[in-house]
Amino acid sequence: MKLITGNSNIKLAQSIADYCDIPLTKASVRRFADEEVFVEIHENVRGEDVFVIQSTSYPANDNLMELLIICDALRRASAKRITAVLPYFGYARQDRKPGPRTPISAKLVANLITTAGANRVLSVDLHAGQIQGFFDIPTDNLYGAPVMSADILERHGDKNITVVSPDVGGVVRARALAKRLDDAPLAIVDKRREKAGVSEVMNIIGDVKDRFCILIDDIADSAGTLCNAADALKAAGASDVVAYITHGVLSGEAVNRVNASALRKLVITDSILASEAANASPKIRQLPIAPLLGEAIKRIADESSVSSLFD
């Protein structure tokens with residue numbers, strides 16, 4: 001097999017290559033003077049099983065175009081199978097029509113990736129599980145919970161842990177993590193906006209008094225909901241609050257918001273290349289997911305089970 005990467009997260013791609021013990025395929029992914037993407041593969045890929053590692057994170061449109069053009073180049077070079085490895089799948093939050101005349105961008109992007117020539121997709125913690133059905137090709141959705149639970153047990157296993165979902169929609173994810181933490185109790189932050197322009201009212205469902213609370217979610221973008229939830233938990237008597245998030249988008253003032261919040265620590269994976277501000281923050285720490293992705297890639301190449309990774 002061969003591994004190739006765009007420019008979205010070269011550091012993660014190199015870590016995956018190190019885990020798989022194969023070098024990254026030599027390629028040029030650069031820009032013309034007018035910012036059009038140019039791709040050239042410098043190795044023979046005819047008949048090869050090729051994995052394209054590319055998160056469609058910021059700048060989302062540029063990284064998506066790199067992925068599509070790399071897939072097209074590989075298809076025209078007669079690669080046997082092309083697997084799009086998307087540690088972070090952008091546009092996943094637009095997975096339904098919340099109102100009239102709005103797009104379902106997640107389905108559109110799925111169609112683009114398929115049309116570009118991908119034969120398979122591998123991603124981590126899709127925003128909604130049904131996005132797997134948006135693809136007409138085999139799609140594997142890996143879970144960050146095993147990586148997170150191992151880190152939690154190592155660092156906080158001796159504490160009175162309560163797993164907290166920052167909203168009602170994330171209860172399934174929180175429950176899955178709680179089961180891995182010896183069936184830790186579960187709490188939910190119920191947020192309601194009384195009227196437009198009025199700040200959200202946070203209600204805590206469950207007992208968090210004197211508990212070590214772990215907030216769990218898939219994406220932290222502006223981090224507003226996360227920080228508000230941490231403040232509400234502390235106000236309800238939680239002894240400490242730590243957040244574990246798979247994809248640290250952390251756009252705009254998110255890092256400053258985290259630094260000023262009641263969160264003791266925000267733990268994110270390296271599915272997205274961290275910004276300089278995130279790397280400099282004393283409250284933000286990264287968990288490597290290269291072993292998880294590398295093992296899944298090896299199993300796909302060997303035609304063995306991927307789902308057994310989570311048994």
# chains A, B, ... in the order shown; residues from 1 in each chain; ligands from 1
$ residues_around --residues "stretch 290-293 of chain A" --least-positions-apart "4" --cutoff "10 Å" --atoms "only C-alpha atoms" --output "number ranges by chain"
A: 11-20, 53, 85-87, 122-124, 142-144, 146-147, 269-271, 297-299, 309
$ select_by_dssp --residues "stretch 215-260 of chain A" --states "helix (DSSP H, G or I)" --output "VMD selection string"
chain A and resid 224 to 235 254 to 259
$ write_last_selection --atoms "C-alpha atoms" --output "CSV table (one decimal), in the first residue's frame"
chain,number,residue,atom,x,y,z
A,224,GLY,CA,-18.9,28.8,23.8
A,225,THR,CA,-21.2,26.0,24.7
A,226,LEU,CA,-18.3,24.0,26.3
A,227,CYS,CA,-17.2,26.9,28.5
A,228,ASN,CA,-20.8,27.8,29.5
A,229,ALA,CA,-21.4,24.2,30.4
A,230,ALA,CA,-18.2,24.2,32.5
A,231,ASP,CA,-19.3,27.3,34.4
A,232,ALA,CA,-22.7,25.7,35.0
A,233,LEU,CA,-21.2,22.6,36.4
A,234,LYS,CA,-18.9,24.5,38.7
A,235,ALA,CA,-21.9,26.5,39.9
A,254,ALA,CA,-12.1,30.0,21.2
A,255,VAL,CA,-8.7,29.5,22.7
A,256,ASN,CA,-9.0,32.7,24.8
A,257,ARG,CA,-12.5,31.6,25.8
A,258,VAL,CA,-11.1,28.3,27.1
A,259,ASN,CA,-8.2,30.0,28.9
$ select_by_dssp --residues "stretch 73-276 of chain A" --states "strand (DSSP E)" --output "VMD selection string"
chain A and resid 81 to 86 120 to 124 139 to 142 161 to 165 186 to 192 201 to 205 212 to 220 240 to 248 265 to 269
$ atom_distance --atom1 "atom CA of A:Asp49" --atom2 "atom CA of A:Arg81"
4.9 Å
$ residues_around --residues "A:Thr114" --least-positions-apart "4" --cutoff "9 Å" --atoms "only C-alpha atoms" --output "number ranges by chain"
A: 68, 109-110, 118-120, 135-137
$ write_last_selection --atoms "N, CA, C and O atoms" --output "PDB file, in the first residue's frame"
ATOM      1  N   LEU A  68      -9.841  16.244  -3.343  1.00  0.00           N
ATOM      2  CA  LEU A  68     -10.516  15.843  -4.577  1.00  0.00           C
ATOM      3  C   LEU A  68      -9.529  15.709  -5.732  1.00  0.00           C
ATOM      4  O   LEU A  68      -9.586  14.752  -6.512  1.00  0.00           O
ATOM      5  N   VAL A 109     -20.719  16.993  -0.227  1.00  0.00           N
ATOM      6  CA  VAL A 109     -19.290  16.689  -0.119  1.00  0.00           C
ATOM      7  C   VAL A 109     -19.050  15.191  -0.301  1.00  0.00           C
ATOM      8  O   VAL A 109     -18.067  14.774  -0.934  1.00  0.00           O
ATOM      9  N   ALA A 110     -19.941  14.368   0.240  1.00  0.00           N
ATOM     10  CA  ALA A 110     -19.823  12.911   0.047  1.00  0.00           C
ATOM     11  C   ALA A 110     -19.875  12.563  -1.441  1.00  0.00           C
ATOM     12  O   ALA A 110     -19.096  11.734  -1.929  1.00  0.00           O
ATOM     13  N   ALA A 118     -12.629   8.277  -5.065  1.00  0.00           N
ATOM     14  CA  ALA A 118     -12.422   7.490  -3.844  1.00  0.00           C
ATOM     15  C   ALA A 118     -13.282   6.230  -3.879  1.00  0.00           C
ATOM     16  O   ALA A 118     -14.442   6.266  -4.291  1.00  0.00           O
ATOM     17  N   ASN A 119     -12.696   5.115  -3.469  1.00  0.00           N
ATOM     18  CA  ASN A 119     -13.425   3.840  -3.389  1.00  0.00           C
ATOM     19  C   ASN A 119     -13.865   3.505  -1.972  1.00  0.00           C
ATOM     20  O   ASN A 119     -14.665   2.598  -1.758  1.00  0.00           O
ATOM     21  N   ARG A 120     -13.311   4.238  -0.999  1.00  0.00           N
ATOM     22  CA  ARG A 120     -13.608   3.955   0.407  1.00  0.00           C
ATOM     23  C   ARG A 120     -13.299   5.205   1.218  1.00  0.00           C
ATOM     24  O   ARG A 120     -12.456   6.017   0.831  1.00  0.00           O
ATOM     25  N   PHE A 135     -22.607   8.343   1.851  1.00  0.00           N
ATOM     26  CA  PHE A 135     -21.647   7.831   0.873  1.00  0.00           C
ATOM     27  C   PHE A 135     -22.199   6.569   0.218  1.00  0.00           C
ATOM     28  O   PHE A 135     -22.789   5.721   0.892  1.00  0.00           O
ATOM     29  N   ASP A 136     -21.977   6.459  -1.074  1.00  0.00           N
ATOM     30  CA  ASP A 136     -22.369   5.246  -1.805  1.00  0.00           C
ATOM     31  C   ASP A 136     -21.202   4.275  -1.920  1.00  0.00           C
ATOM     32  O   ASP A 136     -21.228   3.368  -2.754  1.00  0.00           O
ATOM     33  N   ILE A 137     -20.185   4.475  -1.111  1.00  0.00           N
ATOM     34  CA  ILE A 137     -19.014   3.596  -1.058  1.00  0.00           C
ATOM     35  C   ILE A 137     -18.809   3.180   0.400  1.00  0.00           C
ATOM     36  O   ILE A 137     -19.345   3.822   1.317  1.00  0.00           O
TER      37      ILE A 137
END
$ atom_distance --atom1 "atom CA of A:Ser222" --atom2 "atom CA of A:His247"
11.9 Å
$ residues_around --residues "A:Val164" --least-positions-apart "5" --cutoff "7 Å" --atoms "only C-alpha atoms" --output "list of chain:residue names"
A:Ala174, A:Leu186, A:Ala187, A:Ile188, A:Cys213, A:Ile214, A:Leu215, A:Ile216
$ closest_residue --among "A:Gly237, A:Pro185, A:Gly157, A:Pro59" --to "A:Ile272" --atoms "only C-alpha atoms"
A:Pro59
$ atom_distance --atom1 "atom CA of A:Glu66" --atom2 "atom CA of A:Asp95"
22.3 Å
